[in-house]
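Next comes coords_14.cif, with mmCIF, all heavy atoms.
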```cif
data_target
#
loop_
_atom_site.label_atom_id
_atom_site.label_comp_id
_atom_site.auth_asym_id
_atom_site.auth_seq_id
_atom_site.Cartn_x
_atom_site.Cartn_y
_atom_site.Cartn_z
N MET A 1 -49.65 -71.20 -16.80
CA MET A 1 -48.94 -72.02 -15.83
C MET A 1 -49.68 -73.36 -15.70
O MET A 1 -50.89 -73.39 -15.51
CB MET A 1 -48.87 -71.29 -14.50
CG MET A 1 -48.12 -72.04 -13.44
SD MET A 1 -48.09 -71.09 -11.93
CE MET A 1 -46.42 -71.25 -11.50
N LYS A 2 -48.93 -74.43 -15.75
CA LYS A 2 -49.50 -75.77 -15.70
C LYS A 2 -49.70 -76.18 -14.23
O LYS A 2 -48.86 -75.94 -13.38
CB LYS A 2 -48.56 -76.73 -16.40
CG LYS A 2 -49.13 -78.10 -16.60
CD LYS A 2 -48.20 -78.96 -17.41
CE LYS A 2 -48.81 -80.32 -17.61
NZ LYS A 2 -47.92 -81.20 -18.34
N THR A 3 -50.83 -76.81 -13.98
CA THR A 3 -51.13 -77.28 -12.62
C THR A 3 -50.29 -78.50 -12.31
O THR A 3 -50.23 -79.45 -13.10
CB THR A 3 -52.62 -77.65 -12.51
OG1 THR A 3 -53.40 -76.53 -12.90
CG2 THR A 3 -52.97 -78.04 -11.09
N ASN A 4 -49.64 -78.47 -11.17
CA ASN A 4 -48.80 -79.60 -10.76
C ASN A 4 -49.64 -80.53 -9.88
O ASN A 4 -49.79 -80.30 -8.67
CB ASN A 4 -47.57 -79.08 -10.01
CG ASN A 4 -46.53 -80.15 -9.84
OD1 ASN A 4 -46.81 -81.33 -10.05
ND2 ASN A 4 -45.34 -79.74 -9.47
N TRP A 5 -50.20 -81.57 -10.50
CA TRP A 5 -51.12 -82.46 -9.80
C TRP A 5 -50.41 -83.31 -8.75
O TRP A 5 -51.04 -83.74 -7.78
CB TRP A 5 -51.85 -83.35 -10.81
CG TRP A 5 -52.82 -82.55 -11.62
CD1 TRP A 5 -52.68 -82.19 -12.92
CD2 TRP A 5 -54.05 -82.00 -11.18
NE1 TRP A 5 -53.75 -81.44 -13.33
CE2 TRP A 5 -54.61 -81.31 -12.26
CE3 TRP A 5 -54.74 -82.01 -9.97
CZ2 TRP A 5 -55.83 -80.64 -12.18
CZ3 TRP A 5 -55.95 -81.34 -9.89
CH2 TRP A 5 -56.48 -80.67 -10.97
N ILE A 6 -49.14 -83.55 -8.92
CA ILE A 6 -48.40 -84.34 -7.93
C ILE A 6 -48.32 -83.58 -6.61
O ILE A 6 -48.57 -84.15 -5.54
CB ILE A 6 -46.99 -84.70 -8.46
CG1 ILE A 6 -47.11 -85.63 -9.65
CG2 ILE A 6 -46.14 -85.32 -7.36
CD1 ILE A 6 -45.80 -85.91 -10.36
N VAL A 7 -48.02 -82.29 -6.67
CA VAL A 7 -47.93 -81.48 -5.45
C VAL A 7 -49.30 -81.37 -4.79
O VAL A 7 -49.43 -81.51 -3.56
CB VAL A 7 -47.36 -80.08 -5.77
CG1 VAL A 7 -47.42 -79.18 -4.54
CG2 VAL A 7 -45.94 -80.20 -6.28
N ILE A 8 -50.34 -81.15 -5.59
CA ILE A 8 -51.70 -81.07 -5.04
C ILE A 8 -52.09 -82.39 -4.39
O ILE A 8 -52.68 -82.41 -3.30
CB ILE A 8 -52.70 -80.68 -6.15
CG1 ILE A 8 -52.43 -79.25 -6.61
CG2 ILE A 8 -54.14 -80.83 -5.67
CD1 ILE A 8 -53.24 -78.82 -7.80
N GLY A 9 -51.74 -83.50 -5.01
CA GLY A 9 -52.05 -84.82 -4.44
C GLY A 9 -51.33 -85.04 -3.12
O GLY A 9 -51.92 -85.56 -2.16
N ILE A 10 -50.05 -84.66 -3.05
CA ILE A 10 -49.29 -84.83 -1.81
C ILE A 10 -49.88 -83.97 -0.69
O ILE A 10 -50.03 -84.43 0.45
CB ILE A 10 -47.80 -84.51 -2.05
CG1 ILE A 10 -47.18 -85.58 -2.96
CG2 ILE A 10 -47.04 -84.40 -0.75
CD1 ILE A 10 -45.78 -85.24 -3.45
N VAL A 11 -50.22 -82.73 -1.01
CA VAL A 11 -50.81 -81.84 0.00
C VAL A 11 -52.14 -82.40 0.48
O VAL A 11 -52.42 -82.40 1.69
CB VAL A 11 -50.97 -80.41 -0.57
CG1 VAL A 11 -51.80 -79.54 0.35
CG2 VAL A 11 -49.60 -79.77 -0.81
N LEU A 12 -52.98 -82.86 -0.41
CA LEU A 12 -54.27 -83.46 -0.01
C LEU A 12 -54.07 -84.71 0.83
O LEU A 12 -54.80 -84.93 1.80
CB LEU A 12 -55.11 -83.79 -1.25
CG LEU A 12 -55.79 -82.61 -1.93
CD1 LEU A 12 -56.48 -83.06 -3.20
CD2 LEU A 12 -56.77 -81.95 -0.99
N PHE A 13 -53.09 -85.52 0.48
CA PHE A 13 -52.80 -86.72 1.24
C PHE A 13 -52.44 -86.36 2.69
O PHE A 13 -52.98 -86.93 3.63
CB PHE A 13 -51.66 -87.50 0.58
CG PHE A 13 -51.21 -88.69 1.37
CD1 PHE A 13 -51.97 -89.84 1.43
CD2 PHE A 13 -50.01 -88.64 2.09
CE1 PHE A 13 -51.55 -90.94 2.16
CE2 PHE A 13 -49.58 -89.73 2.82
CZ PHE A 13 -50.35 -90.88 2.86
N PHE A 14 -51.53 -85.41 2.86
CA PHE A 14 -51.14 -85.02 4.21
C PHE A 14 -52.27 -84.32 4.96
O PHE A 14 -52.40 -84.45 6.18
CB PHE A 14 -49.87 -84.15 4.18
CG PHE A 14 -48.62 -84.95 3.95
CD1 PHE A 14 -47.90 -84.81 2.79
CD2 PHE A 14 -48.19 -85.86 4.90
CE1 PHE A 14 -46.75 -85.56 2.57
CE2 PHE A 14 -47.03 -86.61 4.70
CZ PHE A 14 -46.32 -86.46 3.53
N ALA A 15 -53.13 -83.59 4.25
CA ALA A 15 -54.27 -82.95 4.89
C ALA A 15 -55.24 -84.00 5.43
O ALA A 15 -55.76 -83.88 6.54
CB ALA A 15 -54.98 -82.02 3.91
N ILE A 16 -55.47 -85.05 4.65
CA ILE A 16 -56.37 -86.12 5.09
C ILE A 16 -55.77 -86.85 6.29
O ILE A 16 -56.49 -87.16 7.25
CB ILE A 16 -56.66 -87.08 3.93
CG1 ILE A 16 -57.53 -86.37 2.89
CG2 ILE A 16 -57.34 -88.35 4.41
CD1 ILE A 16 -57.68 -87.12 1.58
N ILE A 17 -54.48 -87.11 6.26
CA ILE A 17 -53.81 -87.76 7.40
C ILE A 17 -53.92 -86.89 8.64
O ILE A 17 -54.20 -87.37 9.74
CB ILE A 17 -52.33 -88.05 7.06
CG1 ILE A 17 -52.23 -89.06 5.94
CG2 ILE A 17 -51.57 -88.53 8.29
CD1 ILE A 17 -52.77 -90.44 6.26
N LEU A 18 -53.72 -85.58 8.49
CA LEU A 18 -53.82 -84.65 9.63
C LEU A 18 -55.23 -84.66 10.22
O LEU A 18 -55.39 -84.72 11.44
CB LEU A 18 -53.44 -83.24 9.18
CG LEU A 18 -53.52 -82.16 10.25
CD1 LEU A 18 -52.53 -82.44 11.38
CD2 LEU A 18 -53.28 -80.80 9.65
N VAL A 19 -56.24 -84.62 9.38
CA VAL A 19 -57.62 -84.65 9.87
C VAL A 19 -57.88 -85.96 10.61
O VAL A 19 -58.49 -85.97 11.69
CB VAL A 19 -58.61 -84.46 8.70
CG1 VAL A 19 -60.04 -84.79 9.12
CG2 VAL A 19 -58.52 -83.05 8.17
N PHE A 20 -57.43 -87.08 10.07
CA PHE A 20 -57.61 -88.38 10.72
C PHE A 20 -56.96 -88.39 12.10
O PHE A 20 -57.56 -88.84 13.08
CB PHE A 20 -57.03 -89.48 9.84
CG PHE A 20 -57.04 -90.83 10.47
CD1 PHE A 20 -58.22 -91.55 10.59
CD2 PHE A 20 -55.87 -91.39 10.97
CE1 PHE A 20 -58.24 -92.80 11.18
CE2 PHE A 20 -55.88 -92.64 11.57
CZ PHE A 20 -57.06 -93.35 11.67
N LEU A 21 -55.72 -87.89 12.19
CA LEU A 21 -55.01 -87.88 13.48
C LEU A 21 -55.69 -86.95 14.49
O LEU A 21 -55.78 -87.28 15.67
CB LEU A 21 -53.56 -87.47 13.28
CG LEU A 21 -52.69 -88.48 12.52
CD1 LEU A 21 -51.30 -87.89 12.26
CD2 LEU A 21 -52.58 -89.78 13.28
N LEU A 22 -56.19 -85.82 14.03
CA LEU A 22 -56.89 -84.90 14.94
C LEU A 22 -58.19 -85.50 15.47
O LEU A 22 -58.51 -85.35 16.65
CB LEU A 22 -57.17 -83.58 14.23
CG LEU A 22 -55.95 -82.70 13.97
CD1 LEU A 22 -56.34 -81.50 13.11
CD2 LEU A 22 -55.32 -82.24 15.27
N ILE A 23 -58.92 -86.20 14.63
CA ILE A 23 -60.16 -86.85 15.07
C ILE A 23 -59.84 -87.93 16.10
O ILE A 23 -60.51 -88.05 17.12
CB ILE A 23 -60.93 -87.42 13.86
CG1 ILE A 23 -61.50 -86.28 13.03
CG2 ILE A 23 -62.03 -88.37 14.32
CD1 ILE A 23 -62.11 -86.73 11.72
N ARG A 24 -58.80 -88.72 15.83
CA ARG A 24 -58.42 -89.78 16.76
C ARG A 24 -57.99 -89.21 18.11
O ARG A 24 -58.40 -89.71 19.15
CB ARG A 24 -57.29 -90.60 16.14
CG ARG A 24 -57.15 -91.95 16.77
CD ARG A 24 -56.20 -92.80 16.00
NE ARG A 24 -54.93 -92.77 16.71
CZ ARG A 24 -53.77 -93.11 16.23
NH1 ARG A 24 -53.68 -93.49 15.00
NH2 ARG A 24 -52.71 -93.07 16.96
N LYS A 25 -57.21 -88.13 18.10
CA LYS A 25 -56.77 -87.52 19.35
C LYS A 25 -57.95 -86.91 20.10
O LYS A 25 -58.03 -87.00 21.32
CB LYS A 25 -55.73 -86.44 19.07
CG LYS A 25 -55.26 -85.72 20.31
CD LYS A 25 -53.82 -85.36 20.23
CE LYS A 25 -53.35 -84.60 21.43
NZ LYS A 25 -53.36 -85.36 22.65
N ASN A 26 -58.89 -86.32 19.38
CA ASN A 26 -60.06 -85.73 20.00
C ASN A 26 -60.89 -86.79 20.72
O ASN A 26 -61.38 -86.56 21.83
CB ASN A 26 -60.91 -85.01 18.95
CG ASN A 26 -62.05 -84.25 19.57
OD1 ASN A 26 -61.98 -83.83 20.71
ND2 ASN A 26 -63.11 -84.08 18.81
N ARG A 27 -61.06 -87.95 20.11
CA ARG A 27 -61.82 -89.03 20.76
C ARG A 27 -61.12 -89.50 22.03
O ARG A 27 -61.76 -89.77 23.04
CB ARG A 27 -62.00 -90.20 19.80
CG ARG A 27 -62.99 -89.92 18.71
CD ARG A 27 -63.21 -91.12 17.85
NE ARG A 27 -64.16 -90.80 16.78
CZ ARG A 27 -64.37 -91.56 15.76
NH1 ARG A 27 -63.72 -92.70 15.62
NH2 ARG A 27 -65.23 -91.22 14.83
N LYS A 28 -59.80 -89.60 21.99
CA LYS A 28 -59.03 -90.01 23.15
C LYS A 28 -59.17 -88.98 24.28
O LYS A 28 -59.41 -89.31 25.43
CB LYS A 28 -57.56 -90.19 22.78
CG LYS A 28 -56.68 -90.57 23.93
CD LYS A 28 -55.23 -90.62 23.49
CE LYS A 28 -54.34 -90.58 24.70
NZ LYS A 28 -53.02 -90.12 24.41
N ASP A 29 -59.04 -87.69 23.92
CA ASP A 29 -59.16 -86.63 24.90
C ASP A 29 -60.57 -86.57 25.48
O ASP A 29 -60.76 -86.29 26.66
CB ASP A 29 -58.80 -85.28 24.30
CG ASP A 29 -57.32 -85.15 24.00
OD1 ASP A 29 -56.54 -85.97 24.54
OD2 ASP A 29 -56.94 -84.25 23.23
N GLU A 30 -61.57 -86.85 24.65
CA GLU A 30 -62.95 -86.83 25.12
C GLU A 30 -63.17 -87.90 26.20
O GLU A 30 -63.80 -87.64 27.22
CB GLU A 30 -63.90 -87.08 23.95
CG GLU A 30 -65.36 -87.05 24.35
CD GLU A 30 -66.28 -87.33 23.18
OE1 GLU A 30 -65.79 -87.68 22.09
OE2 GLU A 30 -67.50 -87.21 23.37
N LYS A 31 -62.60 -89.08 26.00
CA LYS A 31 -62.72 -90.14 26.99
C LYS A 31 -62.06 -89.73 28.30
O LYS A 31 -62.60 -89.96 29.38
CB LYS A 31 -62.08 -91.43 26.48
CG LYS A 31 -62.85 -92.09 25.37
CD LYS A 31 -62.14 -93.33 24.87
CE LYS A 31 -62.85 -93.93 23.69
NZ LYS A 31 -62.12 -95.09 23.16
N GLU A 32 -60.89 -89.09 28.23
CA GLU A 32 -60.19 -88.65 29.43
C GLU A 32 -60.98 -87.59 30.17
O GLU A 32 -61.06 -87.60 31.40
CB GLU A 32 -58.81 -88.13 29.08
CG GLU A 32 -57.85 -89.21 28.61
CD GLU A 32 -56.52 -88.66 28.16
OE1 GLU A 32 -56.31 -87.44 28.25
OE2 GLU A 32 -55.68 -89.46 27.71
N VAL A 33 -61.61 -86.66 29.44
CA VAL A 33 -62.39 -85.60 30.07
C VAL A 33 -63.62 -86.18 30.75
O VAL A 33 -63.96 -85.80 31.88
CB VAL A 33 -62.78 -84.53 29.03
CG1 VAL A 33 -63.83 -83.58 29.58
CG2 VAL A 33 -61.55 -83.75 28.59
N VAL A 34 -64.28 -87.12 30.09
CA VAL A 34 -65.47 -87.75 30.69
C VAL A 34 -65.08 -88.49 31.97
O VAL A 34 -65.76 -88.36 33.00
CB VAL A 34 -66.15 -88.69 29.68
CG1 VAL A 34 -67.19 -89.57 30.35
CG2 VAL A 34 -66.77 -87.90 28.55
N GLU A 35 -63.98 -89.22 31.94
CA GLU A 35 -63.52 -89.92 33.14
C GLU A 35 -63.17 -88.93 34.25
O GLU A 35 -63.50 -89.16 35.41
CB GLU A 35 -62.31 -90.79 32.80
CG GLU A 35 -62.64 -92.00 31.97
CD GLU A 35 -61.40 -92.76 31.55
OE1 GLU A 35 -60.29 -92.41 31.99
OE2 GLU A 35 -61.55 -93.72 30.77
N HIS A 36 -62.53 -87.83 33.88
CA HIS A 36 -62.16 -86.83 34.88
C HIS A 36 -63.39 -86.26 35.57
O HIS A 36 -63.44 -86.14 36.79
CB HIS A 36 -61.35 -85.70 34.22
CG HIS A 36 -61.13 -84.52 35.11
ND1 HIS A 36 -60.24 -84.56 36.15
CD2 HIS A 36 -61.68 -83.29 35.12
CE1 HIS A 36 -60.26 -83.38 36.78
NE2 HIS A 36 -61.13 -82.59 36.15
N PHE A 37 -64.41 -85.87 34.78
CA PHE A 37 -65.60 -85.29 35.37
C PHE A 37 -66.41 -86.32 36.16
O PHE A 37 -67.04 -85.98 37.16
CB PHE A 37 -66.47 -84.62 34.31
CG PHE A 37 -65.92 -83.29 33.88
CD1 PHE A 37 -65.58 -83.06 32.57
CD2 PHE A 37 -65.74 -82.27 34.80
CE1 PHE A 37 -65.07 -81.83 32.16
CE2 PHE A 37 -65.23 -81.05 34.41
CZ PHE A 37 -64.89 -80.82 33.09
N ASN A 38 -66.38 -87.59 35.74
CA ASN A 38 -67.06 -88.63 36.50
C ASN A 38 -66.39 -88.83 37.85
O ASN A 38 -67.06 -89.01 38.86
CB ASN A 38 -67.10 -89.94 35.73
CG ASN A 38 -68.13 -89.91 34.62
OD1 ASN A 38 -69.05 -89.12 34.63
ND2 ASN A 38 -67.94 -90.78 33.64
N GLU A 39 -65.06 -88.81 37.88
CA GLU A 39 -64.34 -88.93 39.15
C GLU A 39 -64.60 -87.72 40.04
O GLU A 39 -64.79 -87.86 41.24
CB GLU A 39 -62.84 -89.06 38.89
CG GLU A 39 -62.43 -90.37 38.28
CD GLU A 39 -60.96 -90.39 37.90
OE1 GLU A 39 -60.24 -89.41 38.19
OE2 GLU A 39 -60.52 -91.38 37.29
N GLU A 40 -64.62 -86.55 39.43
CA GLU A 40 -64.85 -85.32 40.20
C GLU A 40 -66.26 -85.31 40.78
O GLU A 40 -66.47 -84.87 41.91
CB GLU A 40 -64.65 -84.11 39.29
CG GLU A 40 -64.62 -82.79 40.03
CD GLU A 40 -64.28 -81.65 39.11
OE1 GLU A 40 -63.12 -81.57 38.68
OE2 GLU A 40 -65.19 -80.86 38.82
N ALA A 41 -67.23 -85.80 40.03
CA ALA A 41 -68.61 -85.82 40.50
C ALA A 41 -68.79 -86.84 41.63
O ALA A 41 -69.66 -86.68 42.48
CB ALA A 41 -69.56 -86.14 39.36
N SER A 42 -67.96 -87.87 41.65
CA SER A 42 -68.12 -88.90 42.66
C SER A 42 -67.61 -88.47 44.03
O SER A 42 -67.90 -89.14 45.03
CB SER A 42 -67.42 -90.19 42.22
OG SER A 42 -66.03 -89.98 42.19
N ILE A 43 -66.88 -87.36 44.13
CA ILE A 43 -66.39 -86.93 45.44
C ILE A 43 -67.47 -86.22 46.23
O ILE A 43 -67.34 -86.05 47.44
CB ILE A 43 -65.14 -86.02 45.32
CG1 ILE A 43 -65.45 -84.73 44.59
CG2 ILE A 43 -64.01 -86.77 44.68
CD1 ILE A 43 -64.31 -83.73 44.62
N PHE A 44 -68.57 -85.83 45.56
CA PHE A 44 -69.66 -85.19 46.27
C PHE A 44 -70.56 -86.26 46.86
O PHE A 44 -70.91 -87.22 46.19
CB PHE A 44 -70.48 -84.30 45.32
CG PHE A 44 -69.68 -83.17 44.74
CD1 PHE A 44 -69.38 -83.15 43.39
CD2 PHE A 44 -69.20 -82.14 45.54
CE1 PHE A 44 -68.64 -82.13 42.85
CE2 PHE A 44 -68.46 -81.11 45.01
CZ PHE A 44 -68.18 -81.10 43.66
N PRO A 45 -70.93 -86.11 48.11
CA PRO A 45 -71.79 -87.13 48.72
C PRO A 45 -73.16 -87.19 48.05
O PRO A 45 -73.71 -86.17 47.64
CB PRO A 45 -71.92 -86.67 50.17
CG PRO A 45 -71.35 -85.31 50.25
CD PRO A 45 -70.58 -85.05 49.01
N GLU A 46 -73.68 -88.38 47.96
CA GLU A 46 -74.98 -88.59 47.32
C GLU A 46 -76.13 -88.06 48.17
O GLU A 46 -77.17 -87.72 47.67
CB GLU A 46 -75.19 -90.08 47.04
CG GLU A 46 -74.25 -90.66 46.01
CD GLU A 46 -74.50 -90.10 44.62
OE1 GLU A 46 -75.68 -89.82 44.30
OE2 GLU A 46 -73.54 -89.95 43.87
N GLU A 47 -75.92 -88.01 49.49
CA GLU A 47 -77.03 -87.60 50.35
C GLU A 47 -77.34 -86.11 50.27
O GLU A 47 -78.44 -85.68 50.60
CB GLU A 47 -76.71 -87.98 51.80
CG GLU A 47 -75.43 -87.35 52.30
CD GLU A 47 -74.78 -88.13 53.41
OE1 GLU A 47 -74.87 -89.37 53.38
OE2 GLU A 47 -74.24 -87.49 54.30
N ASP A 48 -76.38 -85.29 49.85
CA ASP A 48 -76.64 -83.88 49.71
C ASP A 48 -77.50 -83.65 48.48
O ASP A 48 -77.23 -84.17 47.41
CB ASP A 48 -75.35 -83.07 49.55
CG ASP A 48 -74.55 -83.01 50.84
OD1 ASP A 48 -75.15 -83.32 51.89
OD2 ASP A 48 -73.37 -82.65 50.79
N SER A 49 -78.54 -82.89 48.65
CA SER A 49 -79.41 -82.58 47.50
C SER A 49 -79.86 -81.14 47.61
O SER A 49 -79.66 -80.48 48.64
CB SER A 49 -80.61 -83.52 47.48
OG SER A 49 -81.41 -83.31 48.62
N GLU A 50 -80.49 -80.69 46.58
CA GLU A 50 -81.00 -79.34 46.56
C GLU A 50 -82.19 -79.21 47.51
O GLU A 50 -82.90 -80.17 47.78
CB GLU A 50 -81.45 -78.97 45.14
CG GLU A 50 -80.33 -78.95 44.13
CD GLU A 50 -79.39 -77.77 44.34
OE1 GLU A 50 -79.86 -76.71 44.76
OE2 GLU A 50 -78.18 -77.95 44.11
N ALA A 51 -82.39 -78.01 48.01
CA ALA A 51 -83.51 -77.79 48.93
C ALA A 51 -84.85 -77.95 48.21
O ALA A 51 -85.85 -78.26 48.85
CB ALA A 51 -83.42 -76.37 49.51
N ASN A 52 -84.87 -77.77 46.91
CA ASN A 52 -86.11 -77.85 46.16
C ASN A 52 -86.45 -79.27 45.72
O ASN A 52 -87.53 -79.50 45.21
CB ASN A 52 -86.03 -76.98 44.91
CG ASN A 52 -85.82 -75.52 45.25
OD1 ASN A 52 -85.65 -75.16 46.41
ND2 ASN A 52 -85.83 -74.67 44.24
N ASP A 53 -85.56 -80.22 45.91
CA ASP A 53 -85.82 -81.58 45.48
C ASP A 53 -86.98 -82.18 46.28
O ASP A 53 -87.13 -81.96 47.46
CB ASP A 53 -84.59 -82.48 45.67
CG ASP A 53 -83.55 -82.20 44.64
OD1 ASP A 53 -83.84 -81.46 43.69
OD2 ASP A 53 -82.42 -82.72 44.80
N VAL A 54 -87.79 -82.96 45.58
CA VAL A 54 -88.94 -83.59 46.23
C VAL A 54 -88.62 -85.04 46.47
O VAL A 54 -88.01 -85.71 45.77
CB VAL A 54 -90.20 -83.47 45.35
CG1 VAL A 54 -91.39 -84.11 46.04
CG2 VAL A 54 -90.46 -82.02 45.03
#
```

Starting from the coordinates I provided, produce the structure as structure tokens.
Amino acid sequence: MKTNWIVIGIVLFFAIILVFLLIRKNRKDEKEVVEHFNEEASIFPEEDSEANDV
């Protein structure tokens, strides 16, 4: 059976595009998560601290 290089090339092309899109979406989601946790952390008053803090 002869290898069909056109099909392999098309599949690799779409696989690379998929990886690129997933990396881009992950970076966007990471920024949103960091902003969310920063906002959540800011609702706690700064004056409250642990009893063990010096």

Item to check | Computed interatomic separation between CA of Asn26 in chain A and CA of Glu39 in chain A (Å) | outcome: 19.9 Å

Next on the checklist: One decimal, in Å: what's the spacing between CG1 of Val33 in chain A and atom C of Leu21 in chain A?
Outcome noted: 17.5 Å

Checklist entry - Interatomic distance between atom N of Asn4 in chain A and atom N of Ile23 in chain A? => result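 Separation between atom N of Asn4 in chain A and atom N of Ile23 in chain A: 28.5 Å.
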